[in-house]
>>> print(open('my_file-v4.txt').read())   # compact mmCIF, C-alpha atoms
# COMPACT_ATOMS: atom_id res chain seq x y z
CA MET A 1 -72.29 31.45 123.76
CA ALA A 2 -74.38 29.60 121.18
CA SER A 3 -78.03 29.08 121.74
CA PRO A 4 -79.41 25.50 122.01
CA SER A 5 -81.31 25.84 118.71
CA LYS A 6 -78.12 26.63 116.82
CA ALA A 7 -76.32 23.68 118.47
CA ALA A 8 -79.07 21.32 117.42
CA ALA A 9 -78.95 22.68 113.88
CA SER A 10 -75.19 22.21 113.67
CA GLU A 11 -75.46 18.65 115.01
CA ALA A 12 -78.12 17.82 112.46
CA HIS A 13 -76.03 19.30 109.69
CA VAL A 14 -72.95 17.35 110.73
CA GLY A 15 -74.84 14.07 111.03
CA LYS A 16 -76.31 14.28 107.47
CA LYS A 17 -75.03 11.74 104.93
CA LYS A 18 -73.57 13.06 101.75
CA LYS A 19 -75.55 12.29 98.61
CA LYS A 20 -73.95 9.72 96.32
CA PRO A 21 -73.28 10.77 92.77
CA PRO A 22 -75.63 9.15 90.19
CA ALA A 23 -74.37 5.84 88.80
CA ARG A 24 -73.14 5.83 85.19
CA TYR A 25 -73.27 2.88 82.86
CA TRP A 26 -69.52 2.98 82.26
CA GLN A 27 -68.71 2.85 85.93
CA GLU A 28 -68.62 -0.59 87.59
CA PRO A 29 -70.29 -0.66 91.03
CA ARG A 30 -68.07 -1.37 94.01
CA GLU A 31 -68.23 -4.73 95.71
CA GLU A 32 -69.26 -3.18 99.01
CA GLU A 33 -72.18 -1.40 97.39
CA LYS A 34 -73.22 -4.63 95.62
CA ASP A 35 -73.23 -6.50 98.93
CA GLY A 36 -75.21 -3.75 100.61
CA ASN A 37 -77.79 -3.72 97.86
CA LYS A 38 -78.08 -7.50 98.03
CA VAL A 39 -78.73 -7.42 101.77
CA GLY A 40 -81.42 -4.78 101.35
CA LYS A 41 -83.11 -6.65 98.57
CA ASP A 42 -82.92 -10.05 100.22
CA GLU A 43 -84.84 -8.78 103.23
CA GLY A 44 -87.91 -8.01 101.09
CA ARG A 45 -87.87 -11.25 99.07
CA THR A 46 -89.24 -14.64 99.83
CA GLU A 47 -87.22 -17.84 100.04
CA SER A 48 -88.57 -19.16 96.69
CA ALA A 49 -87.41 -16.04 94.87
CA LEU A 50 -83.96 -16.32 96.38
CA GLN A 51 -83.68 -19.98 95.40
CA GLN A 52 -84.76 -19.18 91.84
CA GLU A 53 -82.14 -16.44 91.59
CA GLN A 54 -79.42 -18.76 92.86
CA HIS A 55 -80.52 -21.38 90.29
CA THR A 56 -80.20 -18.87 87.45
CA LYS A 57 -76.77 -17.86 88.68
CA LEU A 58 -75.58 -21.45 88.58
CA LYS A 59 -76.48 -21.93 84.91
CA PRO A 60 -73.56 -19.93 83.44
CA ARG A 61 -71.20 -21.87 85.69
CA LYS A 62 -72.47 -25.13 84.26
CA ARG A 63 -71.95 -23.83 80.75
CA LYS A 64 -68.44 -22.71 81.63
CA GLN A 65 -67.73 -26.09 83.16
CA GLU A 66 -68.96 -27.84 80.00
CA GLU A 67 -66.80 -25.60 77.85
CA ALA A 68 -63.82 -26.24 80.10
CA GLY A 69 -64.53 -29.97 79.94
CA SER A 70 -64.64 -29.93 76.11
CA ASP A 71 -61.41 -27.96 75.95
CA GLY A 72 -59.78 -30.16 78.57
CA LYS A 73 -60.97 -33.30 76.73
CA GLU A 74 -62.55 -34.69 79.87
CA PHE A 75 -66.11 -35.94 80.22
CA ILE A 76 -68.32 -37.04 83.09
CA SER A 77 -67.41 -40.65 82.43
CA GLY A 78 -63.73 -39.76 82.80
CA LYS A 79 -62.86 -40.85 79.25
CA SER A 80 -61.09 -38.52 76.84
CA ASP A 81 -62.24 -37.77 73.27
CA PRO A 82 -60.18 -39.91 70.86
CA PHE A 83 -60.92 -37.49 67.97
CA PRO A 84 -60.70 -33.98 69.42
CA GLY A 85 -61.61 -30.91 67.40
CA PRO A 86 -63.60 -30.66 64.15
CA ALA A 87 -63.46 -33.40 61.53
CA PRO A 88 -60.61 -32.92 59.05
CA ILE A 89 -61.50 -31.85 55.51
CA PRO A 90 -59.39 -32.64 52.43
CA GLU A 91 -57.63 -29.55 51.14
CA ASP A 92 -58.65 -30.09 47.50
CA ARG A 93 -62.31 -30.24 48.47
CA VAL A 94 -61.99 -27.01 50.46
CA GLN A 95 -60.35 -25.30 47.48
CA LYS A 96 -63.26 -26.40 45.30
CA PHE A 97 -65.67 -24.25 47.30
CA LYS A 98 -63.30 -21.36 47.90
CA ARG A 99 -65.10 -18.06 47.41
CA LYS A 100 -62.52 -15.31 47.68
CA GLU A 101 -59.15 -14.35 49.00
CA LYS A 102 -58.88 -12.77 52.40
CA THR A 103 -59.59 -9.05 52.34
CA LYS A 104 -56.77 -6.69 53.15
CA MET A 105 -57.26 -4.92 56.45
CA PRO A 106 -57.65 -1.11 56.34
CA ARG A 107 -55.85 1.35 58.52
CA PRO A 108 -56.20 1.01 62.30
CA LYS A 109 -58.48 4.05 62.46
CA HIS A 110 -61.39 2.21 60.78
CA ARG A 111 -62.25 -0.15 63.62
CA LYS A 112 -65.85 -0.80 62.58
CA LEU A 113 -64.78 -1.64 59.06
CA ARG A 114 -62.10 -4.01 60.37
CA ASP A 115 -64.67 -5.82 62.54
CA MET A 116 -67.07 -6.15 59.61
CA ILE A 117 -64.33 -7.59 57.38
CA VAL A 118 -63.26 -10.06 60.07
CA ARG A 119 -66.84 -11.27 60.57
CA SER A 120 -67.36 -11.57 56.81
CA ASP A 121 -64.19 -13.62 56.38
CA GLU A 122 -65.14 -15.91 59.25
CA ALA A 123 -68.63 -16.50 57.81
CA SER A 124 -67.18 -17.18 54.37
CA GLU A 125 -64.66 -19.65 55.76
CA MET A 126 -67.33 -21.46 57.78
CA ALA A 127 -69.61 -21.72 54.71
CA GLN A 128 -66.70 -23.02 52.67
CA LYS A 129 -65.98 -25.77 55.20
CA GLN A 130 -69.65 -26.72 55.54
CA ALA A 131 -70.04 -26.99 51.77
CA ALA A 132 -66.90 -29.15 51.60
CA ARG A 133 -68.26 -31.47 54.31
CA LEU A 134 -71.62 -31.86 52.54
CA ASP A 135 -70.07 -32.41 49.12
CA LEU A 136 -70.62 -36.16 49.43
CA LEU A 137 -74.38 -35.61 49.71
CA LEU A 138 -74.55 -33.59 46.47
CA PRO A 139 -73.44 -35.86 43.62
CA GLU A 140 -73.15 -34.03 40.32
CA ASP A 141 -72.70 -37.02 38.02
CA ALA A 142 -75.89 -38.85 37.10
CA GLY A 143 -75.94 -42.62 36.90
CA PHE A 144 -76.76 -44.70 33.84
CA LEU A 145 -77.72 -48.26 33.14
CA GLU A 146 -74.50 -49.73 31.78
CA GLY A 147 -74.21 -53.42 30.97
CA ASP A 148 -71.11 -55.58 31.08
CA GLU A 149 -69.34 -56.83 27.99
CA ASP A 150 -71.59 -58.90 25.71
CA GLU A 151 -74.60 -58.06 27.91
CA ASP A 152 -77.78 -56.64 26.43
CA THR A 153 -79.46 -54.09 28.73
CA CYS A 154 -82.87 -55.21 27.45
CA THR A 155 -82.49 -58.35 29.56
CA ILE A 156 -82.20 -56.33 32.80
CA SER A 157 -85.58 -56.22 34.51
CA GLN A 158 -87.04 -53.48 36.67
CA GLU A 159 -86.83 -55.77 39.70
CA ASP A 160 -83.07 -56.08 39.22
CA ILE A 161 -82.72 -52.30 39.08
CA ALA A 162 -84.86 -51.83 42.21
CA ASP A 163 -82.70 -54.32 44.11
CA ALA A 164 -79.45 -52.65 43.02
CA VAL A 165 -80.27 -49.01 43.83
CA ASP A 166 -80.62 -47.40 47.25
CA ILE A 167 -83.75 -47.76 49.42
CA THR A 168 -85.17 -44.33 48.53
CA SER A 169 -84.94 -44.94 44.79
CA GLY A 170 -86.14 -48.52 45.14
CA ALA A 171 -89.30 -47.35 46.92
CA LYS A 172 -90.30 -45.40 43.79
CA TYR A 173 -90.66 -48.60 41.80
CA PHE A 174 -94.23 -49.89 41.36
CA ASN A 175 -95.96 -52.11 38.84
CA LEU A 176 -99.51 -51.77 37.51
CA LYS A 177 -100.97 -54.70 35.60
CA LEU A 178 -103.54 -53.13 33.26
CA SER A 179 -104.19 -55.70 30.57
CA GLN A 180 -107.94 -55.38 30.16
CA PHE A 181 -108.76 -51.85 28.96
CA GLY A 182 -105.56 -50.80 27.17
CA PRO A 183 -103.70 -49.30 25.43
CA TYR A 184 -103.33 -46.45 27.92
CA ARG A 185 -102.49 -42.77 27.84
CA LEU A 186 -101.02 -41.31 31.04
CA ASP A 187 -100.12 -37.93 32.45
CA TYR A 188 -98.36 -36.76 35.63
CA SER A 189 -99.41 -33.65 37.53
CA LYS A 190 -97.13 -30.64 37.70
CA THR A 191 -95.89 -31.68 41.15
CA GLY A 192 -95.14 -35.18 39.85
CA ARG A 193 -97.07 -36.83 42.66
CA HIS A 194 -100.37 -37.74 40.98
CA LEU A 195 -100.75 -40.06 37.98
CA LEU A 196 -103.70 -40.02 35.58
CA LEU A 197 -104.47 -43.06 33.41
CA GLY A 198 -106.86 -43.31 30.50
CA GLY A 199 -107.54 -46.60 28.67
CA ARG A 200 -108.77 -46.83 25.09
CA ARG A 201 -111.77 -48.88 26.27
CA GLY A 202 -113.05 -46.26 28.71
CA HIS A 203 -111.10 -46.93 31.90
CA VAL A 204 -110.04 -43.70 33.70
CA ALA A 205 -108.19 -43.67 37.03
CA CYS A 206 -106.04 -41.26 39.02
CA ILE A 207 -103.72 -42.37 41.82
CA ASP A 208 -101.22 -40.91 44.25
CA TRP A 209 -98.28 -43.06 43.17
CA GLN A 210 -96.07 -42.22 46.16
CA SER A 211 -98.55 -43.47 48.75
CA LYS A 212 -100.15 -45.91 46.23
CA GLN A 213 -103.62 -44.60 47.10
CA LEU A 214 -106.40 -44.67 44.51
CA MET A 215 -108.11 -41.28 44.23
CA CYS A 216 -110.85 -42.30 41.78
CA GLU A 217 -111.60 -44.93 39.18
CA ILE A 218 -114.41 -44.76 36.62
CA ASN A 219 -115.42 -46.20 33.27
CA VAL A 220 -116.88 -43.65 30.85
CA MET A 221 -118.39 -46.40 28.66
CA GLU A 222 -116.85 -45.07 25.45
CA SER A 223 -113.39 -44.85 23.92
CA VAL A 224 -110.85 -42.48 25.48
CA ASN A 225 -108.30 -40.81 23.20
CA ASP A 226 -106.30 -38.74 25.71
CA VAL A 227 -106.23 -37.53 29.32
CA LYS A 228 -104.62 -34.43 30.81
CA TRP A 229 -104.36 -32.79 34.24
CA LEU A 230 -105.46 -29.15 34.45
CA HIS A 231 -103.97 -26.42 36.68
CA SER A 232 -104.19 -28.62 39.82
CA GLU A 233 -104.73 -32.26 40.74
CA THR A 234 -108.39 -31.57 41.57
CA MET A 235 -109.51 -31.47 37.91
CA TYR A 236 -108.59 -33.29 34.72
CA ALA A 237 -109.80 -33.39 31.12
CA VAL A 238 -110.72 -36.53 29.19
CA ALA A 239 -110.94 -36.56 25.39
CA GLN A 240 -113.69 -39.09 24.78
CA LYS A 241 -115.08 -40.44 21.52
CA LYS A 242 -117.51 -37.57 20.88
CA TRP A 243 -116.79 -34.61 23.15
CA LEU A 244 -114.41 -33.20 25.72
CA HIS A 245 -115.31 -33.89 29.37
CA ILE A 246 -113.99 -32.32 32.58
CA TYR A 247 -113.93 -34.39 35.80
CA ASP A 248 -112.85 -33.70 39.36
CA SER A 249 -110.52 -35.88 41.43
CA ASN A 250 -113.50 -37.83 42.82
CA GLY A 251 -114.63 -38.89 39.34
CA ILE A 252 -117.63 -36.53 39.19
CA GLU A 253 -118.29 -34.99 35.77
CA LEU A 254 -118.16 -31.20 35.93
CA HIS A 255 -118.49 -30.12 32.28
CA CYS A 256 -119.22 -31.57 28.87
CA ILE A 257 -117.93 -29.19 26.19
CA ARG A 258 -119.61 -30.04 22.89
CA LYS A 259 -117.73 -27.43 20.87
CA PHE A 260 -114.64 -29.63 21.25
CA ASN A 261 -115.56 -32.75 19.30
CA ASP A 262 -113.41 -35.66 18.03
CA VAL A 263 -110.43 -34.58 20.15
CA LEU A 264 -107.36 -36.82 19.70
CA ARG A 265 -104.57 -35.03 21.63
CA MET A 266 -104.40 -32.38 24.36
CA GLN A 267 -101.80 -30.11 25.91
CA PHE A 268 -102.32 -27.87 28.94
CA LEU A 269 -100.51 -24.51 29.13
CA PRO A 270 -100.14 -23.94 32.90
CA TYR A 271 -99.02 -20.31 32.74
CA HIS A 272 -101.86 -19.29 30.42
CA PHE A 273 -104.63 -21.52 31.83
CA LEU A 274 -105.31 -22.74 28.30
CA LEU A 275 -106.13 -26.28 27.19
CA ALA A 276 -105.04 -26.85 23.59
CA THR A 277 -106.77 -29.69 21.72
CA ALA A 278 -106.09 -31.27 18.31
CA SER A 279 -108.98 -33.06 16.63
CA ALA A 280 -109.54 -35.54 13.83
CA THR A 281 -111.31 -32.79 11.84
CA SER A 282 -108.01 -30.84 11.51
CA PHE A 283 -108.99 -28.19 14.09
CA LEU A 284 -106.67 -26.77 16.76
CA GLN A 285 -108.77 -25.28 19.57
CA TYR A 286 -107.90 -23.44 22.78
CA LEU A 287 -110.08 -23.57 25.90
CA ASP A 288 -109.74 -21.07 28.76
CA VAL A 289 -110.24 -23.30 31.81
CA SER A 290 -110.72 -20.34 34.18
CA VAL A 291 -114.02 -19.28 32.53
CA GLY A 292 -114.77 -22.39 30.44
CA LYS A 293 -114.93 -20.60 27.08
CA GLU A 294 -113.29 -21.21 23.74
CA VAL A 295 -110.51 -18.71 23.04
CA ALA A 296 -109.47 -19.68 19.51
CA ALA A 297 -110.37 -22.26 16.87
CA ILE A 298 -107.90 -22.69 14.00
CA CYS A 299 -108.43 -24.92 10.97
CA THR A 300 -104.99 -26.22 10.02
CA LYS A 301 -106.19 -27.86 6.75
CA THR A 302 -103.61 -30.63 7.15
CA GLY A 303 -105.80 -33.63 7.91
CA ARG A 304 -105.99 -35.74 11.05
CA LEU A 305 -104.02 -34.26 14.01
CA ASP A 306 -102.74 -37.12 16.17
CA VAL A 307 -99.18 -35.82 16.86
CA MET A 308 -98.93 -32.88 19.25
CA CYS A 309 -96.59 -31.39 21.85
CA GLN A 310 -95.86 -28.01 23.39
CA ASN A 311 -92.72 -25.98 23.86
CA PRO A 312 -92.47 -25.56 27.65
CA HIS A 313 -90.34 -22.44 27.23
CA ASN A 314 -92.79 -20.29 25.22
CA ALA A 315 -96.02 -22.40 25.11
CA ILE A 316 -95.97 -22.73 21.29
CA ILE A 317 -97.84 -25.80 20.02
CA HIS A 318 -95.99 -28.19 17.68
CA LEU A 319 -98.10 -30.37 15.38
CA GLY A 320 -96.91 -33.29 13.26
CA HIS A 321 -98.68 -34.09 9.99
CA PRO A 322 -98.97 -37.11 7.64
CA ASN A 323 -97.09 -35.27 4.85
CA GLY A 324 -93.87 -35.13 6.94
CA THR A 325 -94.14 -31.51 8.06
CA VAL A 326 -94.11 -30.01 11.55
CA THR A 327 -95.99 -26.76 12.12
CA LEU A 328 -95.79 -24.28 15.01
CA TRP A 329 -98.95 -22.52 16.22
CA SER A 330 -100.03 -19.71 18.50
CA PRO A 331 -103.63 -18.76 19.46
CA ASN A 332 -103.00 -15.22 18.22
CA GLN A 333 -102.38 -16.27 14.61
CA LYS A 334 -104.70 -18.06 12.21
CA GLU A 335 -101.77 -19.26 10.10
CA ALA A 336 -98.84 -21.41 11.12
CA LEU A 337 -95.86 -19.52 12.53
CA VAL A 338 -93.36 -21.98 11.01
CA LYS A 339 -93.64 -24.94 8.62
CA MET A 340 -90.76 -27.42 8.54
CA LEU A 341 -90.33 -30.43 6.28
CA CYS A 342 -88.77 -32.93 8.67
CA HIS A 343 -89.35 -36.42 7.20
CA GLN A 344 -90.01 -38.11 3.91
CA GLY A 345 -92.95 -39.96 5.46
CA GLY A 346 -95.54 -39.07 8.07
CA VAL A 347 -94.47 -37.68 11.46
CA ARG A 348 -95.09 -40.13 14.31
CA SER A 349 -93.91 -38.17 17.35
CA VAL A 350 -92.50 -34.77 18.36
CA ALA A 351 -90.73 -33.69 21.58
CA VAL A 352 -89.18 -30.38 22.72
CA ASP A 353 -86.63 -30.00 25.52
CA LYS A 354 -87.27 -27.86 28.61
CA THR A 355 -85.15 -24.94 27.37
CA GLY A 356 -87.15 -24.66 24.15
CA THR A 357 -83.98 -24.85 22.06
CA TYR A 358 -84.07 -28.34 20.53
CA MET A 359 -86.84 -30.34 18.89
CA VAL A 360 -86.72 -34.10 18.26
CA THR A 361 -88.96 -35.76 15.67
CA SER A 362 -89.52 -39.33 14.48
CA GLY A 363 -91.19 -40.37 11.24
CA MET A 364 -92.35 -43.24 9.11
CA ASP A 365 -88.94 -43.23 7.40
CA LYS A 366 -87.53 -44.82 10.64
CA LYS A 367 -85.37 -41.79 11.38
CA VAL A 368 -85.03 -39.68 14.52
CA LYS A 369 -83.88 -36.12 13.88
CA VAL A 370 -82.75 -33.35 16.22
CA TYR A 371 -83.45 -29.75 15.17
CA ASP A 372 -82.30 -26.42 16.53
CA ILE A 373 -85.49 -24.34 16.80
CA ARG A 374 -83.52 -21.09 16.76
CA THR A 375 -82.24 -21.72 13.24
CA PHE A 376 -84.71 -24.47 12.15
CA LYS A 377 -81.81 -26.60 10.92
CA PRO A 378 -81.13 -30.31 11.61
CA LEU A 379 -78.26 -31.11 13.98
CA LYS A 380 -78.33 -34.92 14.25
CA SER A 381 -80.04 -37.79 12.49
CA TYR A 382 -80.36 -41.37 13.77
CA PHE A 383 -81.73 -44.47 12.08
CA LEU A 384 -83.78 -46.92 14.15
CA PRO A 385 -84.54 -50.28 12.47
CA ALA A 386 -88.05 -50.45 13.91
CA GLY A 387 -88.79 -46.71 13.99
CA ALA A 388 -89.95 -44.73 17.03
CA SER A 389 -93.65 -44.40 17.77
CA CYS A 390 -93.21 -42.15 20.83
CA LEU A 391 -90.45 -39.79 22.02
CA SER A 392 -89.76 -38.22 25.39
CA LEU A 393 -86.94 -36.00 26.66
CA SER A 394 -85.70 -36.08 30.26
CA HIS A 395 -84.49 -33.10 32.26
CA ARG A 396 -80.93 -34.41 31.98
CA GLY A 397 -81.03 -34.40 28.17
CA LEU A 398 -81.65 -38.10 27.56
CA LEU A 399 -83.97 -39.16 24.77
CA SER A 400 -86.21 -42.20 25.17
CA ALA A 401 -87.70 -43.71 22.02
CA ALA A 402 -90.42 -46.38 22.14
CA THR A 403 -90.07 -49.03 19.44
CA GLY A 404 -92.75 -51.63 19.92
CA ASP A 405 -92.39 -53.10 23.42
CA ILE A 406 -88.79 -51.83 23.81
CA VAL A 407 -87.69 -48.38 25.04
CA GLN A 408 -84.33 -47.21 23.76
CA VAL A 409 -82.43 -44.48 25.63
CA ILE A 410 -80.26 -42.31 23.39
CA ILE A 411 -77.60 -39.92 24.69
CA ILE A 412 -77.58 -36.89 22.39
CA PRO A 413 -74.41 -34.80 22.96
CA THR A 414 -76.05 -31.47 22.12
CA LEU A 415 -78.84 -32.08 24.63
CA HIS A 416 -76.72 -33.77 27.31
CA ASP A 417 -74.25 -30.88 27.49
>>> encode(input="my_file-v4.txt", output="C-alpha cells")
Amino acid sequence: MASPSKAAASEAHVGKKKKKPPARYWQEPREEEKDGNKVGKDEGRTESALQQEQHTKLKPRKRKQEEAGSDGKEFISGKSDPFPGPAPIPEDRVQKFKRKEKTKMPRPKHRKLRDMIVRSDEASEMAQKQAARLDLLLPEDAGFLEGDEDEDTCTISQEDIADAVDITSGAKYFNLKLSQFGPYRLDYSKTGRHLLLGGRRGHVACIDWQSKQLMCEINVMESVNDVKWLHSETMYAVAQKKWLHIYDSNGIELHCIRKFNDVLRMQFLPYHFLLATASATSFLQYLDVSVGKEVAAICTKTGRLDVMCQNPHNAIIHLGHPNGTVTLWSPNQKEALVKMLCHQGGVRSVAVDKTGTYMVTSGMDKKVKVYDIRTFKPLKSYFLPAGASCLSLSHRGLLSAATGDIVQVIIIPTLHD
C-alpha cells in the first residue's frame, strides 16, 4: 500500500502540463494559440490601445479594397474608368529608347541570378516606357527665326517674337532704354542670372535680369572702357580711363590697382582666378584676384590692344592687331605661342567656340573667316558688305555678327554640326 506522500507526488506529476517546444520562425502559429495569446494580452491592455490596434489592422483592408476597386474598374461614385490601364505609347517611340534585348535565363539552379535578371529587365522596360512618355518634353531640334517668302527678318521686332513664343520664353524678354551714357559694354555672370553694364560716360550698373531688380548703380565720373564679373556676382572689375578698379555688388570700391593703367579690354579666367587685361600701351597683364597681385606682364610690341577674347577650353588669350594678325598668349611665355595672318586689314573682332576648336575673326577687309585652331588653317570665308564690328558664338554653333545697328545670324555648317 502506497503512502500518502507518494500518492500526492504522483498526482502532482500527472497534473503537470507538458512544456511546449520553442517556436521557430518557419513554423506558423496555430489559430487556437493565436486566439489564446490575444485573450491574454487583451486583458492587460486599455481600451485606447485596443482601438488603435484595430485601426491599424483595418488599413491593409482599405488598401486591398482600393486595389480591388482599381482592378474591377469601379470607384466610390459608381462610375467606371473610360481609359483603363496605362496610357498607350507608340511603338516607334518605345523602340527609340530601347536599351537592350532581354537576357537569356540561366539554368533553374541559379535562382538568385534569375531573380536579379528579371528585376533588371523590369527596371529597364519601365525606364524605356517613361523616357518614351517624356519624349515630347525634350525637343532636340532648336528653333530659328525664319521669315516667309519675300519677308526680311530685320523687320520682325522683339515684341513680335515675345508674343509668338511660349510664356516661359516670353518672360525672358526685357528692354532697357539707355540713351544717355552709351555706348555700353556688358557682361553676364557665370550663372547667367546677373547682368553688368558699363557706359562710356561713366555709368556702371548691375541688375538681376530675371527678377528685374537693380543691385547697384553708380557713376564713376570718368570714361569706362570695359566691365567684367569676377569669380562670383559679388565683385566685378571696371577698366576706367586711368586705372583698374574693383567694386562689390553694392557699388563700393574695394581696390584701385595702379599697375594696370590704360586698360581697354578684359577677360576673366574662372578656373585660374586670373584677370587678363589688354592695354593701350601694348601690354598684356594678368592679375591674381585671390591675392590681388600681378602674375605676369607681357609687352606684345604690336600697338594698341582693343581686340581680345579667350579660349574657354584651355584659357589661352587671343589678341587681334591692326596689322591683320591674331596672336595667342599664355602667362607662362613672354613670346606669342602662335601668330596668324588672318586679314589684309586690321582685325576688328575675334571669337572662339566653347570646344576650343574653331576661331572666327572679322577684319577691316569686310570678311569673316573661320579657322581650325588645331591646324591653324581657314575653313570658311564670308563677305559682309558692311563688315562686322563684333562677333559672338552661341552654344548651338550660331554666329552673330554686328554690322552697325543690325545683327546678322550666320549658320556655319562646321560649327552647327
>>> residues_around(input="my_file-v4.txt", residues="Ser381 of chain A", least_positions_apart="2", cutoff="7 Å", atoms="only C-alpha atoms", output="number ranges by chain")
A: 367-370, 383
>>> residues_around(input="my_file-v4.txt", residues="Thr103 of chain A", least_positions_apart="6", cutoff="10 Å", atoms="all atoms listed in the file", output="list in words")
Arg114, Ile117, Val118, Ser120 and Asp121 of chain A
>>> write_last_selection(input="my_file-v4.txt", atoms="C-alpha atoms", output="compact mmCIF listing (two decimals), in the frame of the given file")
# COMPACT_ATOMS: atom_id res chain seq x y z
CA ARG A 114 -62.10 -4.01 60.37
CA ILE A 117 -64.33 -7.59 57.38
CA VAL A 118 -63.26 -10.06 60.07
CA SER A 120 -67.36 -11.57 56.81
CA ASP A 121 -64.19 -13.62 56.38
>>> closest_residue(input="my_file-v4.txt", among="A:Phe97, A:Tyr358, A:Trp229, A:Trp329", to="Asp372 of chain A", atoms="all atoms listed in the file")
A:Tyr358
>>> residues_around(input="my_file-v4.txt", residues="His194 of chain A", least_positions_apart="6", cutoff="6 Å", atoms="all atoms listed in the file", output="list of chain:residue names")
A:Tyr188, A:Ile207, A:Asp208
>>> atom_distance(input="my_file-v4.txt", atom1="atom CA of Leu264 of chain A", atom2="atom CA of Asn250 of chain A")
23.9 Å
>>> residues_near_point(input="my_file-v4.txt", point="(-86.8, -38.4, 30.0)", cutoff="12 Å", atoms="only C-alpha atoms", output="list in words")
Ala351, Val352, Asp353, Lys354, Cys390, Leu391, Ser392, Leu393, Ser394, His395, Arg396, Gly397, Leu398, Leu399, Ser400, Ala401, Ala402, Val407, Gln408, Val409, Ile410, Ile411, Leu415 and His416 of chain A
>>> atom_distance(input="my_file-v4.txt", atom1="atom CA of Gly251 of chain A", atom2="atom CA of Pro312 of chain A")
28.4 Å
>>> residues_near_point(input="my_file-v4.txt", point="(-111.3, -33.6, 36.6)", cutoff="9 Å", atoms="only C-alpha atoms", output="VMD selection string")
chain A and resid 228 to 230 233 to 238 245 to 254
>>> atom_distance(input="my_file-v4.txt", atom1="atom CA of Ser362 of chain A", atom2="atom CA of Val326 of chain A")
10.8 Å
>>> residues_around(input="my_file-v4.txt", residues="segment 168-179 of chain A", least_positions_apart="5", cutoff="9 Å", atoms="all atoms listed in the file", output="list in words")
Gln158, Glu159, Ile161, Ala162, Asp163, Tyr184, Gly199, Trp209, Gln210 and Lys212 of chain A
>>> residues_around(input="my_file-v4.txt", residues="segment 280-293 of chain A", least_positions_apart="4", cutoff="9 Å", atoms="only C-alpha atoms", output="list in words")
Leu230, His231, His255, Ile257, Phe260, Asn261, Asp262, Val263, Leu264, His272, Phe273, Leu274, Leu275, Ala276, Ala297, Ile298, Cys299, Thr300, Lys301, Thr302, Gly303, Arg304, Leu305, Asp306, Trp329 and Pro331 of chain A
>>> closest_residue(input="my_file-v4.txt", among="A:Ile406, A:Met340, A:Leu145, A:Val224", to="His321 of chain A", atoms="all atoms listed in the file")
A:Met340
>>> closest_residue(input="my_file-v4.txt", among="A:Pro322, A:Gly363, A:Gly202, A:Pro270", to="Val220 of chain A", atoms="only C-alpha atoms")
A:Gly202
>>> axis_aligned_box(input="my_file-v4.txt", around="segment 285-298 of chain A", padding_each_side="4 Å", output="lines of an AutoDock Vina configuration file")
center_x = -111.4
center_y = -22.0
center_z = 24.1
size_x = 15.0
size_y = 14.6
size_z = 28.2
>>> closest_residue(input="my_file-v4.txt", among="A:Ser80, A:Thr155, A:Asn314, A:Ser279", to="Leu244 of chain A", atoms="only C-alpha atoms")
A:Ser279
